[in-house]
Amino acid sequence: MEEIKAGEIVYATISIKDTTNKIHELRKVVFSREWDCSFPYLDQLNYRRFLSQNGLLSSKGDIIEAEVIDIKILARTGFKNRAKGYTTAKKNEQIRDSVTGAYV
């Protein structure tokens with residue numbers, strides 16, 4: 001199994017074992033490792049969207065947790081942006097001319 005760094009986004013083929021010990025092979029998917037997670041275990045808290053998009057659901061339709069068994073990286077595409085905050089907006093203090101629309 002190839003190693004993925006925290007926050008890295010890869011294009012890969014992944015073998016996943018779910019809680020019922022069934023093995024799923026996901027071919028050519030985009031996978032991103034979360035910053036704070038217990039990789040290779042894919043829990044619902046961090047990987048809910050990834051698991052539901054790839055059909056890893058129980059018979060009742062609930063999302064199941066899984067474990068990455070093997071990963072073959074086809075391409076490394078970069079890293080996520082770690083900043084979670086918002087930047088502050090500042091009001092424009094320039095005045096526009098009412099006739100031309102140009103800033104005065």
# chains A, B, ... in the order shown; residues from 1 in each chain; ligands from 1
$ select_by_dssp --residues "chain A" --states "alpha helix (DSSP H)" --output "ChimeraX atom specification"
/A:44-53
$ residues_around --residues "stretch 18-24 of chain A" --least-positions-apart "4" --cutoff "12 Å" --atoms "only C-alpha atoms" --output "list in words"
Thr13, Ile14, Pro40, Tyr41, Leu42, Asp43, Leu51, Asn54, Gly55, Leu56, Leu57, Ser58, Ser59, Ile63, Ile64, Glu65, Ala66, Glu67, Val68, Ile69, Asp70 and Ile71 of chain A
$ residues_around --residues "A:Ile73" --least-positions-apart "6" --cutoff "10 Å" --atoms "only C-alpha atoms" --output "PDB file with N, CA and C atoms, in the first residue's frame"
ATOM      1  N   MET A   1       0.850  -1.174   0.000  1.00  0.00           N
ATOM      2  CA  MET A   1       0.000   0.000   0.000  1.00  0.00           C
ATOM      3  C   MET A   1       0.894   1.234   0.000  1.00  0.00           C
ATOM      4  N   GLU A   2       0.584   2.153  -0.920  1.00  0.00           N
ATOM      5  CA  GLU A   2       1.349   3.390  -0.999  1.00  0.00           C
ATOM      6  C   GLU A   2       0.887   4.349   0.088  1.00  0.00           C
ATOM      7  N   GLU A   3       1.751   5.251   0.477  1.00  0.00           N
ATOM      8  CA  GLU A   3       1.440   6.160   1.578  1.00  0.00           C
ATOM      9  C   GLU A   3       0.871   7.470   1.055  1.00  0.00           C
ATOM     10  N   ILE A   4      -0.136   7.968   1.768  1.00  0.00           N
ATOM     11  CA  ILE A   4      -0.740   9.265   1.474  1.00  0.00           C
ATOM     12  C   ILE A   4      -0.499  10.156   2.683  1.00  0.00           C
ATOM     13  N   VAL A  10      -5.447  12.539  -3.993  1.00  0.00           N
ATOM     14  CA  VAL A  10      -4.876  11.627  -4.986  1.00  0.00           C
ATOM     15  C   VAL A  10      -5.966  11.083  -5.896  1.00  0.00           C
ATOM     16  N   TYR A  11      -5.551  10.659  -7.067  1.00  0.00           N
ATOM     17  CA  TYR A  11      -6.394   9.954  -8.027  1.00  0.00           C
ATOM     18  C   TYR A  11      -5.896   8.525  -7.986  1.00  0.00           C
ATOM     19  N   ALA A  12      -6.754   7.585  -7.545  1.00  0.00           N
ATOM     20  CA  ALA A  12      -6.240   6.253  -7.249  1.00  0.00           C
ATOM     21  C   ALA A  12      -7.289   5.163  -7.440  1.00  0.00           C
ATOM     22  N   THR A  13      -6.809   3.931  -7.398  1.00  0.00           N
ATOM     23  CA  THR A  13      -7.651   2.746  -7.317  1.00  0.00           C
ATOM     24  C   THR A  13      -7.501   2.216  -5.898  1.00  0.00           C
ATOM     25  N   ILE A  14      -8.641   2.068  -5.197  1.00  0.00           N
ATOM     26  CA  ILE A  14      -8.619   1.752  -3.773  1.00  0.00           C
ATOM     27  C   ILE A  14      -9.386   0.460  -3.507  1.00  0.00           C
ATOM     28  N   LYS A  28     -10.290   4.307 -10.147  1.00  0.00           N
ATOM     29  CA  LYS A  28     -10.128   5.670 -10.639  1.00  0.00           C
ATOM     30  C   LYS A  28     -11.037   6.653  -9.907  1.00  0.00           C
ATOM     31  N   VAL A  29     -10.821   6.780  -8.615  1.00  0.00           N
ATOM     32  CA  VAL A  29     -11.574   7.726  -7.790  1.00  0.00           C
ATOM     33  C   VAL A  29     -10.634   8.786  -7.234  1.00  0.00           C
ATOM     34  N   VAL A  30     -11.206   9.943  -6.928  1.00  0.00           N
ATOM     35  CA  VAL A  30     -10.457  11.003  -6.276  1.00  0.00           C
ATOM     36  C   VAL A  30     -10.644  10.822  -4.777  1.00  0.00           C
ATOM     37  N   PHE A  31      -9.556  10.699  -4.053  1.00  0.00           N
ATOM     38  CA  PHE A  31      -9.597  10.466  -2.616  1.00  0.00           C
ATOM     39  C   PHE A  31      -8.738  11.506  -1.937  1.00  0.00           C
TER      40      PHE A  31
END
$ select_by_dssp --residues "stretch 27-75 of chain A" --states "strand (DSSP E)" --output "ChimeraX atom specification"
/A:27-32,41-42,66-75
$ atom_distance --atom1 "atom CA of A:Ser15" --atom2 "atom CA of A:Cys37"
18.5 Å
$ atom_distance --atom1 "atom CA of A:Lys80" --atom2 "atom CA of A:Phe50"
15.3 Å
$ closest_residue --among "A:Thr100, A:Gln94, A:Gln53, A:Thr77" --to "A:Gly7" --atoms "only C-alpha atoms"
A:Thr77
$ atom_distance --atom1 "atom CA of A:Asp62" --atom2 "atom CA of A:Gln44"
10.2 Å
$ closest_residue --among "A:Tyr103, A:Ala83, A:Ala6, A:Arg96" --to "A:Ser32" --atoms "only C-alpha atoms"
A:Ala6
